[in-house]
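S.K.: One file is attached below, data_23.txt, containing compact mmCIF, C-alpha atoms.
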# COMPACT_ATOMS: atom_id res chain seq x y z
CA MET B 9 8.77 -22.17 21.94
CA PHE B 10 12.24 -22.02 20.38
CA ALA B 11 13.60 -24.10 17.50
CA GLU B 12 16.62 -24.44 15.24
CA VAL B 13 15.64 -24.45 11.56
CA LYS B 14 17.15 -24.20 8.09
CA ILE B 15 15.37 -21.99 5.58
CA GLU B 16 14.57 -23.93 2.42
CA ARG B 17 13.19 -21.16 0.24
CA ILE B 18 11.22 -17.91 0.19
CA VAL B 19 7.49 -18.38 -0.32
CA PRO B 20 4.67 -16.03 -1.41
CA GLY B 21 4.33 -13.26 1.14
CA GLY B 22 8.12 -13.04 1.48
CA LEU B 23 8.51 -15.46 4.40
CA GLY B 24 11.20 -18.13 4.73
CA LEU B 25 9.96 -21.73 4.73
CA ALA B 26 11.38 -24.32 7.15
CA HIS B 27 10.24 -27.51 8.89
CA HIS B 28 10.58 -28.53 12.53
CA GLU B 29 9.14 -31.57 14.31
CA GLY B 30 6.07 -31.85 12.10
CA LEU B 31 5.53 -28.10 11.87
CA THR B 32 5.77 -26.11 8.66
CA VAL B 33 7.43 -22.94 9.91
CA PHE B 34 7.27 -19.54 8.23
CA VAL B 35 10.02 -17.15 9.31
CA ALA B 36 10.00 -13.40 8.73
CA LEU B 37 13.09 -11.59 7.36
CA ALA B 38 14.89 -14.85 6.53
CA ALA B 39 17.21 -15.75 3.64
CA PRO B 40 17.23 -19.08 1.76
CA GLY B 41 19.92 -21.30 3.31
CA ASP B 42 19.95 -19.52 6.69
CA VAL B 43 20.37 -21.72 9.76
CA LEU B 44 18.45 -19.92 12.50
CA ARG B 45 17.34 -20.09 16.07
CA VAL B 46 13.76 -18.88 15.97
CA ARG B 47 10.92 -18.21 18.35
CA ILE B 48 7.63 -19.69 17.20
CA ASP B 49 5.25 -16.87 18.03
CA ARG B 50 2.00 -18.61 17.13
CA THR B 51 0.72 -21.82 15.58
CA ARG B 52 -2.32 -22.77 13.57
CA GLY B 53 -2.69 -26.52 13.21
CA ASN B 54 0.61 -27.80 11.84
CA ILE B 55 1.73 -24.33 10.71
CA GLY B 56 3.94 -22.06 12.80
CA PHE B 57 4.91 -18.42 12.37
CA ALA B 58 8.30 -17.49 13.77
CA SER B 59 10.74 -14.64 14.25
CA ILE B 60 14.53 -14.80 14.25
CA VAL B 61 16.29 -14.96 17.62
CA GLU B 62 19.79 -15.70 16.34
CA ILE B 63 21.45 -16.29 12.98
CA LEU B 64 23.50 -19.45 13.59
CA GLN B 65 24.81 -19.75 10.04
CA PRO B 66 24.01 -16.98 7.56
CA SER B 67 23.04 -17.81 4.00
CA LYS B 68 25.39 -16.82 1.20
CA ALA B 69 22.48 -14.73 -0.06
CA ARG B 70 22.27 -12.75 3.17
CA ILE B 71 23.67 -9.22 3.33
CA GLU B 72 23.72 -6.56 6.03
CA PRO B 73 20.56 -4.44 5.66
CA PRO B 74 21.66 -0.83 5.09
CA CYS B 75 18.54 0.72 6.62
CA PRO B 76 18.69 1.33 10.40
CA TYR B 77 14.92 0.73 10.65
CA PHE B 78 15.04 -2.74 9.08
CA GLY B 79 13.19 -5.26 11.22
CA LYS B 80 11.16 -2.59 12.97
CA CYS B 81 9.61 -0.66 10.09
CA GLY B 82 7.02 -2.76 8.29
CA GLY B 83 8.00 -1.48 4.85
CA CYS B 84 11.01 -3.25 3.34
CA ASP B 85 11.22 -6.97 4.14
CA PHE B 86 13.86 -8.05 1.58
CA GLN B 87 16.82 -5.84 2.56
CA GLN B 88 18.56 -8.90 4.04
CA LEU B 89 18.81 -10.45 0.55
CA ASN B 90 21.28 -9.57 -2.18
CA TYR B 91 19.51 -8.19 -5.22
CA GLN B 92 19.79 -11.27 -7.45
CA THR B 93 18.28 -13.39 -4.69
CA GLN B 94 15.41 -10.91 -4.41
CA LEU B 95 14.71 -11.31 -8.13
CA ASP B 96 15.00 -15.10 -8.01
CA ALA B 97 12.65 -15.26 -5.02
CA LYS B 98 10.02 -13.22 -6.84
CA ILE B 99 10.09 -15.53 -9.85
CA GLU B 100 9.70 -18.52 -7.55
CA MET B 101 6.81 -16.89 -5.68
CA ILE B 102 4.95 -16.35 -8.97
CA ARG B 103 5.69 -19.90 -10.11
CA ASP B 104 4.57 -21.29 -6.75
CA CYS B 105 1.22 -19.50 -6.97
CA LEU B 106 0.62 -20.57 -10.56
CA HIS B 107 1.33 -24.18 -9.67
CA ARG B 108 -0.32 -24.38 -6.25
CA ILE B 109 -3.34 -22.09 -6.76
CA ALA B 110 -3.96 -22.06 -10.50
CA LYS B 111 -3.00 -25.77 -10.80
CA ILE B 112 -0.78 -25.07 -13.81
CA GLU B 113 1.57 -28.05 -14.13
CA ASP B 114 3.93 -26.65 -16.75
CA THR B 115 4.35 -22.96 -16.03
CA PRO B 116 5.80 -20.92 -18.88
CA ARG B 117 9.22 -19.39 -18.54
CA ILE B 118 8.98 -16.33 -16.30
CA SER B 119 11.38 -13.47 -16.92
CA VAL B 120 11.84 -10.63 -14.44
CA LYS B 121 12.81 -7.09 -15.38
CA ALA B 122 15.25 -5.74 -12.80
CA ALA B 123 14.83 -2.23 -11.43
CA PRO B 124 17.37 0.31 -12.74
CA HIS B 125 17.54 1.77 -9.24
CA GLN B 126 17.37 -0.45 -6.17
CA TRP B 127 17.21 2.55 -3.81
CA GLN B 128 15.62 6.02 -3.93
CA TYR B 129 13.15 4.89 -6.56
CA ARG B 130 9.81 5.32 -4.83
CA MET B 131 7.80 8.33 -6.03
CA ARG B 132 4.70 7.69 -3.92
CA ALA B 133 4.42 7.36 -0.15
CA ASN B 134 1.80 7.08 2.56
CA TRP B 135 3.25 8.31 5.84
CA GLN B 136 1.63 7.51 9.17
CA LEU B 137 1.67 10.11 11.94
CA ASP B 138 1.53 9.85 15.72
CA PRO B 139 0.04 13.16 16.94
CA LEU B 140 0.93 12.54 20.58
CA GLY B 141 4.53 11.52 20.01
CA ARG B 142 4.84 13.84 17.00
CA ARG B 143 6.35 11.04 14.95
CA ILE B 144 6.10 10.42 11.22
CA GLY B 145 7.04 7.30 9.31
CA TYR B 146 5.51 3.90 8.62
CA TYR B 147 3.73 1.36 10.76
CA GLU B 148 5.92 -1.12 12.57
CA ALA B 149 5.60 -4.67 11.26
CA GLY B 150 2.37 -6.27 12.43
CA SER B 151 1.17 -3.26 14.40
CA HIS B 152 -0.29 0.23 14.21
CA ARG B 153 2.61 1.81 16.10
CA VAL B 154 4.38 4.44 14.07
CA CYS B 155 8.05 3.75 13.38
CA ASP B 156 9.69 7.18 13.42
CA VAL B 157 11.66 7.39 10.17
CA GLU B 158 14.04 10.26 9.48
CA VAL B 159 15.51 8.92 6.24
CA CYS B 160 13.74 6.37 4.03
CA ALA B 161 16.23 4.64 1.76
CA VAL B 162 13.73 3.83 -0.99
CA LEU B 163 12.20 7.31 -1.30
CA ALA B 164 13.03 9.44 -4.32
CA PRO B 165 15.11 12.47 -3.22
CA ARG B 166 12.37 15.07 -3.55
CA LEU B 167 9.98 12.96 -1.47
CA GLN B 168 12.71 12.54 1.15
CA GLU B 169 13.00 16.33 1.30
CA THR B 170 9.23 16.54 1.74
CA LEU B 171 9.36 14.01 4.58
CA GLU B 172 12.05 16.09 6.30
CA ARG B 173 10.02 19.26 5.84
CA ILE B 174 6.88 17.70 7.34
CA ARG B 175 8.87 16.25 10.23
CA HIS B 176 10.28 19.68 11.01
CA ASP B 177 6.85 21.33 10.91
CA ILE B 178 5.37 18.67 13.19
CA GLN B 179 8.12 19.06 15.77
CA GLU B 180 7.88 22.84 15.63
CA ASP B 181 4.09 22.71 16.16
CA ALA B 182 3.58 24.29 12.75
CA ILE B 183 0.88 21.77 11.79
CA GLU B 184 -2.42 21.74 13.68
CA PRO B 185 -4.32 19.54 13.76
CA ILE B 186 -1.89 16.76 12.88
CA PRO B 187 -3.53 14.31 10.42
CA LYS B 188 -3.31 10.55 10.97
CA ASP B 189 -1.65 10.01 7.60
CA ILE B 190 -0.20 12.01 4.73
CA ARG B 191 -0.08 10.90 1.13
CA ALA B 192 2.63 12.24 -1.18
CA ALA B 193 3.55 11.78 -4.82
CA GLN B 194 6.41 13.15 -6.89
CA GLY B 195 6.11 14.22 -10.50
CA MET B 196 8.64 15.65 -12.91
CA ASP B 197 8.77 19.10 -11.37
CA ALA B 198 6.74 19.08 -8.17
CA VAL B 199 5.40 17.10 -5.23
CA SER B 200 1.70 16.66 -4.46
CA VAL B 201 0.67 16.23 -0.81
CA ALA B 202 -2.71 15.32 0.67
CA PRO B 203 -4.16 16.59 2.87
CA PRO B 204 -2.60 19.95 1.94
CA PHE B 205 -0.92 22.13 4.54
CA ALA B 206 1.42 25.13 4.68
CA ASP B 207 2.82 25.67 1.18
CA LEU B 208 2.68 21.94 0.47
CA ASN B 209 -0.53 21.24 -1.40
CA ASP B 210 -2.56 18.71 -3.33
CA GLY B 211 -1.76 20.26 -6.70
CA ASP B 212 -1.58 18.20 -9.86
CA ILE B 213 1.70 16.72 -11.03
CA SER B 214 2.77 14.92 -14.19
CA LEU B 215 5.09 12.26 -15.55
CA VAL B 216 6.06 11.37 -19.10
CA ILE B 217 5.98 7.62 -19.76
CA GLY B 218 6.72 6.26 -23.22
CA GLY B 219 6.13 9.65 -24.79
CA GLU B 220 2.72 10.07 -23.13
CA THR B 221 2.09 12.73 -20.47
CA TYR B 222 0.06 11.69 -17.44
CA TRP B 223 -1.41 14.06 -14.87
CA PHE B 224 -2.38 12.84 -11.39
CA ASN B 225 -1.99 13.82 -7.73
CA ALA B 226 -1.35 12.35 -4.31
CA ASP B 227 -5.00 11.34 -3.93
CA SER B 228 -5.24 9.43 -7.22
CA PHE B 229 -3.48 6.13 -7.83
CA PHE B 230 -0.42 6.01 -10.04
CA GLN B 231 2.42 3.50 -9.97
CA ALA B 232 5.12 4.25 -7.39
CA ASN B 233 8.15 3.38 -9.53
CA PRO B 234 8.25 5.11 -12.94
CA ASP B 235 11.54 3.50 -13.99
CA LEU B 236 9.86 0.35 -15.33
CA LEU B 237 6.54 1.75 -16.49
CA GLU B 238 7.42 2.03 -20.17
CA SER B 239 8.51 -1.63 -20.14
CA LEU B 240 5.39 -2.61 -18.18
CA VAL B 241 3.07 -0.91 -20.68
CA SER B 242 4.94 -2.46 -23.59
CA GLU B 243 4.63 -5.94 -22.10
CA ALA B 244 0.96 -5.54 -21.23
CA ILE B 245 -0.13 -4.30 -24.66
CA GLY B 246 2.47 -6.02 -26.82
CA GLU B 247 1.52 -5.95 -30.48
CA ALA B 248 -2.21 -5.91 -29.79
CA ARG B 249 -4.28 -3.98 -32.29
CA GLY B 250 -7.85 -4.09 -33.48
CA MET B 251 -11.28 -2.56 -33.39
CA MET B 252 -12.27 -2.70 -29.71
CA ALA B 253 -10.32 -2.71 -26.44
CA LEU B 254 -11.79 -2.72 -22.95
CA GLU B 255 -9.72 -1.68 -19.94
CA LEU B 256 -10.86 -2.43 -16.39
CA TYR B 257 -9.52 -0.53 -13.34
CA CYS B 258 -7.96 2.00 -15.71
CA GLY B 259 -6.84 4.53 -13.07
CA ALA B 260 -5.44 7.74 -14.54
CA GLY B 261 -5.03 6.09 -17.94
CA LEU B 262 -1.53 4.56 -17.89
CA PHE B 263 -2.59 1.88 -20.40
CA THR B 264 -5.57 3.76 -21.85
CA LEU B 265 -3.55 6.25 -23.85
CA PRO B 266 -1.34 3.72 -25.67
CA LEU B 267 -4.39 1.46 -26.19
CA ALA B 268 -6.19 4.37 -27.87
CA ARG B 269 -3.33 4.61 -30.36
CA ARG B 270 -3.73 0.93 -31.28
CA PHE B 271 -7.50 0.37 -31.32
CA GLU B 272 -10.38 2.04 -33.13
CA ARG B 273 -12.37 2.28 -29.90
CA VAL B 274 -11.36 2.00 -26.23
CA ILE B 275 -13.49 2.00 -23.09
CA GLY B 276 -11.84 2.42 -19.69
CA VAL B 277 -13.69 1.71 -16.44
CA GLU B 278 -12.53 3.17 -13.10
CA VAL B 279 -14.37 3.37 -9.77
CA SER B 280 -12.49 6.45 -8.50
CA ASP B 281 -14.07 9.65 -9.79
CA ARG B 282 -10.79 11.50 -9.25
CA ALA B 283 -8.73 8.98 -11.21
CA ALA B 284 -11.36 8.83 -13.96
CA ARG B 285 -11.21 12.61 -14.34
CA PHE B 286 -7.45 12.43 -14.71
CA ALA B 287 -7.83 9.68 -17.34
CA GLU B 288 -10.24 11.88 -19.31
CA ARG B 289 -7.89 14.85 -18.98
CA ASN B 290 -4.88 12.82 -20.12
CA LEU B 291 -6.78 11.53 -23.16
CA ARG B 292 -7.97 15.04 -24.01
CA ASN B 293 -4.50 16.54 -23.67
CA SER B 294 -3.15 13.85 -25.98
CA GLY B 295 -5.74 14.58 -28.64
CA LEU B 296 -7.29 11.12 -28.33
CA SER B 297 -11.05 11.17 -28.92
CA ASN B 298 -11.61 7.47 -29.60
CA ALA B 299 -11.53 6.47 -25.92
CA THR B 300 -14.21 7.00 -23.28
CA ILE B 301 -13.95 6.64 -19.50
CA ALA B 302 -16.75 5.26 -17.33
CA ALA B 303 -16.49 6.36 -13.70
CA ALA B 304 -18.19 3.36 -12.13
CA ASP B 305 -17.70 0.25 -10.06
CA VAL B 306 -16.21 -2.29 -12.47
CA ALA B 307 -18.50 -5.20 -11.53
CA HIS B 308 -21.62 -3.02 -11.66
CA TRP B 309 -20.67 -1.45 -15.00
CA LEU B 310 -19.93 -4.84 -16.56
CA SER B 311 -23.21 -6.32 -15.38
CA GLY B 312 -25.08 -3.57 -17.20
CA HIS B 313 -22.98 -3.45 -20.37
CA ALA B 314 -21.56 -6.92 -21.05
CA VAL B 315 -24.46 -7.94 -23.31
CA SER B 316 -24.51 -4.72 -25.34
CA LEU B 317 -20.76 -4.41 -25.94
CA PRO B 318 -19.45 -5.00 -29.44
CA LYS B 319 -16.91 -7.80 -29.87
CA VAL B 320 -13.92 -7.10 -27.60
CA ASP B 321 -10.63 -7.94 -29.29
CA PHE B 322 -8.45 -7.12 -26.29
CA LEU B 323 -9.26 -6.77 -22.60
CA LEU B 324 -6.75 -5.41 -20.10
CA LEU B 325 -7.34 -5.42 -16.36
CA ASP B 326 -5.16 -4.03 -13.59
CA PRO B 327 -7.13 -4.65 -10.40
CA PRO B 328 -6.11 -3.77 -6.83
CA ARG B 329 -4.24 -6.27 -4.66
CA ALA B 330 -7.45 -8.17 -3.88
CA GLY B 331 -7.79 -9.11 -7.55
CA ALA B 332 -10.99 -9.17 -9.59
CA ASP B 333 -14.35 -9.93 -7.99
CA ASN B 334 -16.15 -13.12 -8.98
CA ALA B 335 -18.74 -10.96 -10.71
CA VAL B 336 -16.01 -9.30 -12.79
CA ILE B 337 -14.55 -12.62 -13.91
CA LYS B 338 -18.04 -13.90 -14.76
CA SER B 339 -18.72 -10.84 -16.92
CA ILE B 340 -15.35 -11.16 -18.64
CA LEU B 341 -16.28 -14.73 -19.54
CA ASP B 342 -19.65 -13.50 -20.82
CA ILE B 343 -17.88 -10.94 -23.02
CA ARG B 344 -15.39 -13.57 -24.17
CA PRO B 345 -12.57 -11.32 -25.41
CA THR B 346 -10.10 -12.92 -27.77
CA HIS B 347 -7.05 -11.79 -25.80
CA ILE B 348 -6.76 -10.84 -22.11
CA ALA B 349 -3.82 -9.09 -20.44
CA TYR B 350 -3.90 -9.27 -16.63
CA VAL B 351 -1.61 -6.86 -14.74
CA SER B 352 -1.28 -7.83 -11.09
CA CYS B 353 0.53 -6.71 -7.95
CA ASP B 354 -0.23 -9.97 -6.10
CA PRO B 355 0.75 -13.38 -7.54
CA ALA B 356 -1.76 -15.20 -5.32
CA THR B 357 -4.86 -13.32 -6.51
CA LEU B 358 -3.54 -13.38 -10.07
CA ALA B 359 -3.29 -17.19 -9.90
CA ARG B 360 -6.77 -17.44 -8.35
CA ASP B 361 -8.30 -15.45 -11.20
CA LEU B 362 -6.26 -17.18 -13.90
CA LYS B 363 -7.56 -20.54 -12.66
CA LYS B 364 -11.11 -19.40 -13.43
CA LEU B 365 -10.16 -18.12 -16.89
CA LEU B 366 -8.26 -21.29 -17.79
CA ALA B 367 -11.14 -23.48 -16.59
CA ALA B 368 -13.43 -21.55 -18.95
CA GLY B 369 -11.42 -22.29 -22.08
CA TYR B 370 -8.55 -19.81 -22.10
CA MET B 371 -4.90 -20.81 -22.31
CA LEU B 372 -1.95 -19.13 -20.62
CA ASP B 373 0.29 -17.56 -23.23
CA SER B 374 3.04 -15.80 -21.24
CA VAL B 375 4.02 -14.46 -17.82
CA ALA B 376 6.48 -11.64 -17.16
CA ALA B 377 7.52 -9.98 -13.90
CA PHE B 378 8.70 -6.45 -13.15
CA ASP B 379 10.58 -5.54 -9.99
CA MET B 380 8.66 -2.37 -9.27
CA PHE B 381 9.35 -2.65 -5.53
CA PRO B 382 13.01 -3.50 -4.78
CA GLN B 383 13.81 -4.37 -1.14
CA THR B 384 10.27 -5.75 -0.66
CA HIS B 385 8.60 -9.06 -1.54
CA HIS B 386 6.08 -7.29 -3.79
CA VAL B 387 6.25 -7.84 -7.54
CA GLU B 388 4.26 -6.69 -10.56
CA THR B 389 3.24 -9.42 -13.00
CA VAL B 390 1.74 -9.40 -16.49
CA ALA B 391 -0.02 -12.53 -17.73
CA HIS B 392 -1.47 -12.98 -21.20
CA VAL B 393 -4.24 -15.47 -21.91
CA ARG B 394 -6.00 -16.22 -25.18
CA ALA B 395 -9.23 -17.95 -26.09
CA LYS B 396 -8.71 -21.45 -27.45
CA GLY B 397 -9.60 -22.14 -31.03
Could you show the structure in this file as structure tokens?

M.R.:
Amino acid sequence: MFAEVKIERIVPGGLGLAHHEGLTVFVALAAPGDVLRVRIDRTRGNIGFASIVEILQPSKARIEPPCPYFGKCGGCDFQQLNYQTQLDAKIEMIRDCLHRIAKIEDTPRISVKAAPHQWQYRMRANWQLDPLGRRIGYYEAGSHRVCDVEVCAVLAPRLQETLERIRHDIQEDAIEPIPKDIRAAQGMDAVSVAPPFADLNDGDISLVIGGETYWFNADSFFQANPDLLESLVSEAIGEARGMMALELYCGAGLFTLPLARRFERVIGVEVSDRAARFAERNLRNSGLSNATIAAADVAHWLSGHAVSLPKVDFLLLDPPRAGADNAVIKSILDIRPTHIAYVSCDPATLARDLKKLLAAGYMLDSVAAFDMFPQTHHVETVAHVRAKG
């Protein structure tokens, strides 16, 4: 089925919204204001999902994507938008989720911190490999076919060199067996690769953020764009100080170290043993002995410790894209911290969890966004809520 539509706006998930003959149509890789001929690929009730056949009248916000893999590679889905439109769309996506999911009528003003570098910023990558075709790159949009990528425009230069090196070794049969995926991360002076091969290895690397040194590797989570991390940490912690801070999903300790300089006691909880070990190492190297790390599932740890914890002045959580489990939110409400900072990489799950906190007597204080992922619809958000009264 084909249709002519006009894109009204960009919605959460990065799709363009249009309407056609009673259908609400979501169009991939669209720009607000585009007039398009689209193919409706599938429908579900009165909702259709479509792809662009022809751009009849381009939006003023539309630009020519510089990447030759745009539209095939499933990575960057905002390259068709000028940068200001990307930022505006991300603010609107957050606002939409807060209004539609969290049922917040009057959303606070949402600022967005632009990325200093719109290209060559990414210092983490997960490359997919096709052993038969000896290809390396990223999955094509909506599939598990590997899009063969020679140059990735958002990769930091040293990671791009690593990609080229691995590609060469694959094509020269220098890697056997060929893994299904390779994870890579760039630090200040080196690149960590997992699984290790040749003289590329899974060694530890480090970054300095806000005067703190963090060690990690390709197999432990750390944010992919370091340019905005100092601002992100500053926004998340703000002027918070006190006796007790609890950090959930603490990773390698990005927030734990600065929290330990503000609070008498800090507990960080992290399910990954590897990341927890890095958090302990980073605390130790910084001379901080007032913070402890629990290597445990967050929900399980909270269920066993919520009652025995001293009063928590400040709770910070930075969960994965799926957000916090119901059990985690329930335990947070049992603990009843005075001030909660929620760092999120998905506005929809952030809004879902905020709705539960607000229904339990918290009030939304502020929301700020950080463009950690230029050229994509993804956005990092920090929300602060406080107990009423």

S.K.: I'd like the contact shell of Ile340 in chain B - 12 Å cut-off, all atoms listed in the file, skipping same-chain residues fewer than 5 positions apart - returned as JSON, numbers by chain.

M.R.: {"B": [254, 255, 256, 306, 307, 309, 310, 311, 313, 314, 315, 317, 319, 320, 322, 323, 324, 325, 332, 333, 334, 335, 345, 346, 347, 348, 349, 350, 361, 362, 364, 365, 368, 370, 395]}

S.K.: Name the closest residue to Ser67 in chain B among the candidates B:Ala253, B:Leu171, B:Leu89, B:Val199; distances are taken between atoms, counting all atoms listed in the file.

M.R.: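 Of B:Ala253, B:Leu171, B:Leu89, B:Val199, the one nearest Ser67 in chain B is B:Leu89, counting all atoms listed in the file.
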
S.K.: Any chance you could tabulate, as a Markdown table, the residues of range 85-172 of chain B at most 8 Å from range 29-53 of chain B with each one's nearest atom pair and distance in Å to one decimal, using only C-alpha atoms, in chain and rising number order?

M.R.:
| residue | atom | partner | partner_atom | distance |
| --- | --- | --- | --- | --- |
| B:Asp85 | CA | B:Leu37 | CA | 5.9 |
| B:Phe86 | CA | B:Leu37 | CA | 6.8 |
| B:Gln88 | CA | B:Leu37 | CA | 6.9 |
| B:Leu89 | CA | B:Ala39 | CA | 6.3 |

S.K.: Excluding Val279 in chain B and residues on its chain fewer than 4 positions from it, collect all residues at most 9 Å away from it, counting all atoms listed in the file, and give them as an NGL selection string.

M.R.: :B and (257-259 or 283-284 or 302-306)

S.K.: List the neighbours of Gly83 in chain B out to 9 Å using only C-alpha atoms; skip same-chain residues closer than 2 positions along the sequence, and give me the result as a PyMOL selection string.

M.R.: chain B and resi 78+80-81+85+146-149+383-384

S.K.: Include C-alpha atoms and write out the residues we just selected as a PDB file, in the coordinates of the input.

M.R.:
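What landed in result-v7.pdb:
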ATOM      1  CA  PHE B  78      15.040  -2.740   9.080  1.00  0.00           C
ATOM      2  CA  LYS B  80      11.160  -2.590  12.970  1.00  0.00           C
ATOM      3  CA  CYS B  81       9.610  -0.660  10.090  1.00  0.00           C
ATOM      4  CA  ASP B  85      11.220  -6.970   4.140  1.00  0.00           C
ATOM      5  CA  TYR B 146       5.510   3.900   8.620  1.00  0.00           C
ATOM      6  CA  TYR B 147       3.730   1.360  10.760  1.00  0.00           C
ATOM      7  CA  GLU B 148       5.920  -1.120  12.570  1.00  0.00           C
ATOM      8  CA  ALA B 149       5.600  -4.670  11.260  1.00  0.00           C
ATOM      9  CA  GLN B 383      13.810  -4.370  -1.140  1.00  0.00           C
ATOM     10  CA  THR B 384      10.270  -5.750  -0.660  1.00  0.00           C
TER      11      THR B 384
END

S.K.: Go through B:Glu158, B:Asp235, B:Glu220, B:Asp177 one by one, measure the shortest atom-to-atom distance of each to Arg292 in chain B using only C-alpha atoms, and give the residue with the smallest value.

M.R.: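 Closest to Arg292 in chain B of all the choices is B:Glu220.
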
S.K.: Restricting the calculation to only C-alpha atoms: of B:Gln65, B:Thr170, B:Asn233, B:Asn298, which residue gets closest to Phe205 in chain B?

M.R.: B:Thr170

S.K.: Check the smallest atom-to-atom distance from each of B:Glu288, B:Asp96, B:Glu184, B:Glu72 to Val19 in chain B using only C-alpha atoms, then report the winner.

M.R.: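 Among B:Glu288, B:Asp96, B:Glu184, B:Glu72, it is B:Asp96 that comes nearest to Val19 in chain B.
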
S.K.: Mind pulling up the distance from CA of Lys188 in chain B to CA of Trp223 in chain B?

M.R.: 26.1 Å

S.K.: Pick the closest to Gly218 in chain B from B:Met380, B:Phe263, B:Gln194, B:Ile71: which is it, counting all atoms listed in the file?

M.R.: B:Phe263

S.K.: Considering all atoms listed in the file, can you say which of B:Gly312, B:Gly246, B:Pro187, B:Gly79 comes closest to His392 in chain B?

M.R.: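 Of the candidates, the smallest distance to His392 in chain B is held by B:Gly246.
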
S.K.: Around (-2.8, 3.8, -26.3) in the file's frame, which residues reach within 10 Å when counting all atoms listed in the file? Return as a VMD selection string?

M.R.: chain B and resid 220 241 245 249 253 261 to 271 274 291 296 299

S.K.: Keeping only C-alpha atoms, write the selected residues to a file as a PDB file, in the frame of the given file.

M.R.:
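After the write, again.pdb holds the following:
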ATOM      1  CA  GLU B 220       2.720  10.070 -23.130  1.00  0.00           C
ATOM      2  CA  VAL B 241       3.070  -0.910 -20.680  1.00  0.00           C
ATOM      3  CA  ILE B 245      -0.130  -4.300 -24.660  1.00  0.00           C
ATOM      4  CA  ARG B 249      -4.280  -3.980 -32.290  1.00  0.00           C
ATOM      5  CA  ALA B 253     -10.320  -2.710 -26.440  1.00  0.00           C
ATOM      6  CA  GLY B 261      -5.030   6.090 -17.940  1.00  0.00           C
ATOM      7  CA  LEU B 262      -1.530   4.560 -17.890  1.00  0.00           C
ATOM      8  CA  PHE B 263      -2.590   1.880 -20.400  1.00  0.00           C
ATOM      9  CA  THR B 264      -5.570   3.760 -21.850  1.00  0.00           C
ATOM     10  CA  LEU B 265      -3.550   6.250 -23.850  1.00  0.00           C
ATOM     11  CA  PRO B 266      -1.340   3.720 -25.670  1.00  0.00           C
ATOM     12  CA  LEU B 267      -4.390   1.460 -26.190  1.00  0.00           C
ATOM     13  CA  ALA B 268      -6.190   4.370 -27.870  1.00  0.00           C
ATOM     14  CA  ARG B 269      -3.330   4.610 -30.360  1.00  0.00           C
ATOM     15  CA  ARG B 270      -3.730   0.930 -31.280  1.00  0.00           C
ATOM     16  CA  PHE B 271      -7.500   0.370 -31.320  1.00  0.00           C
ATOM     17  CA  VAL B 274     -11.360   2.000 -26.230  1.00  0.00           C
ATOM     18  CA  LEU B 291      -6.780  11.530 -23.160  1.00  0.00           C
ATOM     19  CA  LEU B 296      -7.290  11.120 -28.330  1.00  0.00           C
ATOM     20  CA  ALA B 299     -11.530   6.470 -25.920  1.00  0.00           C
TER      21      ALA B 299
END

S.K.: The residues within 12 Å of (13.1, 5.9, 2.2), using only C-alpha atoms and the coordinates of the file, should be reported as a VMD selection string; which are they?

M.R.: chain B and resid 74 to 78 81 83 to 84 126 to 135 145 to 146 156 to 172 382 to 383

S.K.: Output C-alpha atoms of each residue in that selection to a file, as a compact mmCIF listing (two decimals), keeping the file's coordinate frame.

M.R.:
# COMPACT_ATOMS: atom_id res chain seq x y z
CA PRO B 74 21.66 -0.83 5.09
CA CYS B 75 18.54 0.72 6.62
CA PRO B 76 18.69 1.33 10.40
CA TYR B 77 14.92 0.73 10.65
CA PHE B 78 15.04 -2.74 9.08
CA CYS B 81 9.61 -0.66 10.09
CA GLY B 83 8.00 -1.48 4.85
CA CYS B 84 11.01 -3.25 3.34
CA GLN B 126 17.37 -0.45 -6.17
CA TRP B 127 17.21 2.55 -3.81
CA GLN B 128 15.62 6.02 -3.93
CA TYR B 129 13.15 4.89 -6.56
CA ARG B 130 9.81 5.32 -4.83
CA MET B 131 7.80 8.33 -6.03
CA ARG B 132 4.70 7.69 -3.92
CA ALA B 133 4.42 7.36 -0.15
CA ASN B 134 1.80 7.08 2.56
CA TRP B 135 3.25 8.31 5.84
CA GLY B 145 7.04 7.30 9.31
CA TYR B 146 5.51 3.90 8.62
CA ASP B 156 9.69 7.18 13.42
CA VAL B 157 11.66 7.39 10.17
CA GLU B 158 14.04 10.26 9.48
CA VAL B 159 15.51 8.92 6.24
CA CYS B 160 13.74 6.37 4.03
CA ALA B 161 16.23 4.64 1.76
CA VAL B 162 13.73 3.83 -0.99
CA LEU B 163 12.20 7.31 -1.30
CA ALA B 164 13.03 9.44 -4.32
CA PRO B 165 15.11 12.47 -3.22
CA ARG B 166 12.37 15.07 -3.55
CA LEU B 167 9.98 12.96 -1.47
CA GLN B 168 12.71 12.54 1.15
CA GLU B 169 13.00 16.33 1.30
CA THR B 170 9.23 16.54 1.74
CA LEU B 171 9.36 14.01 4.58
CA GLU B 172 12.05 16.09 6.30
CA PRO B 382 13.01 -3.50 -4.78
CA GLN B 383 13.81 -4.37 -1.14
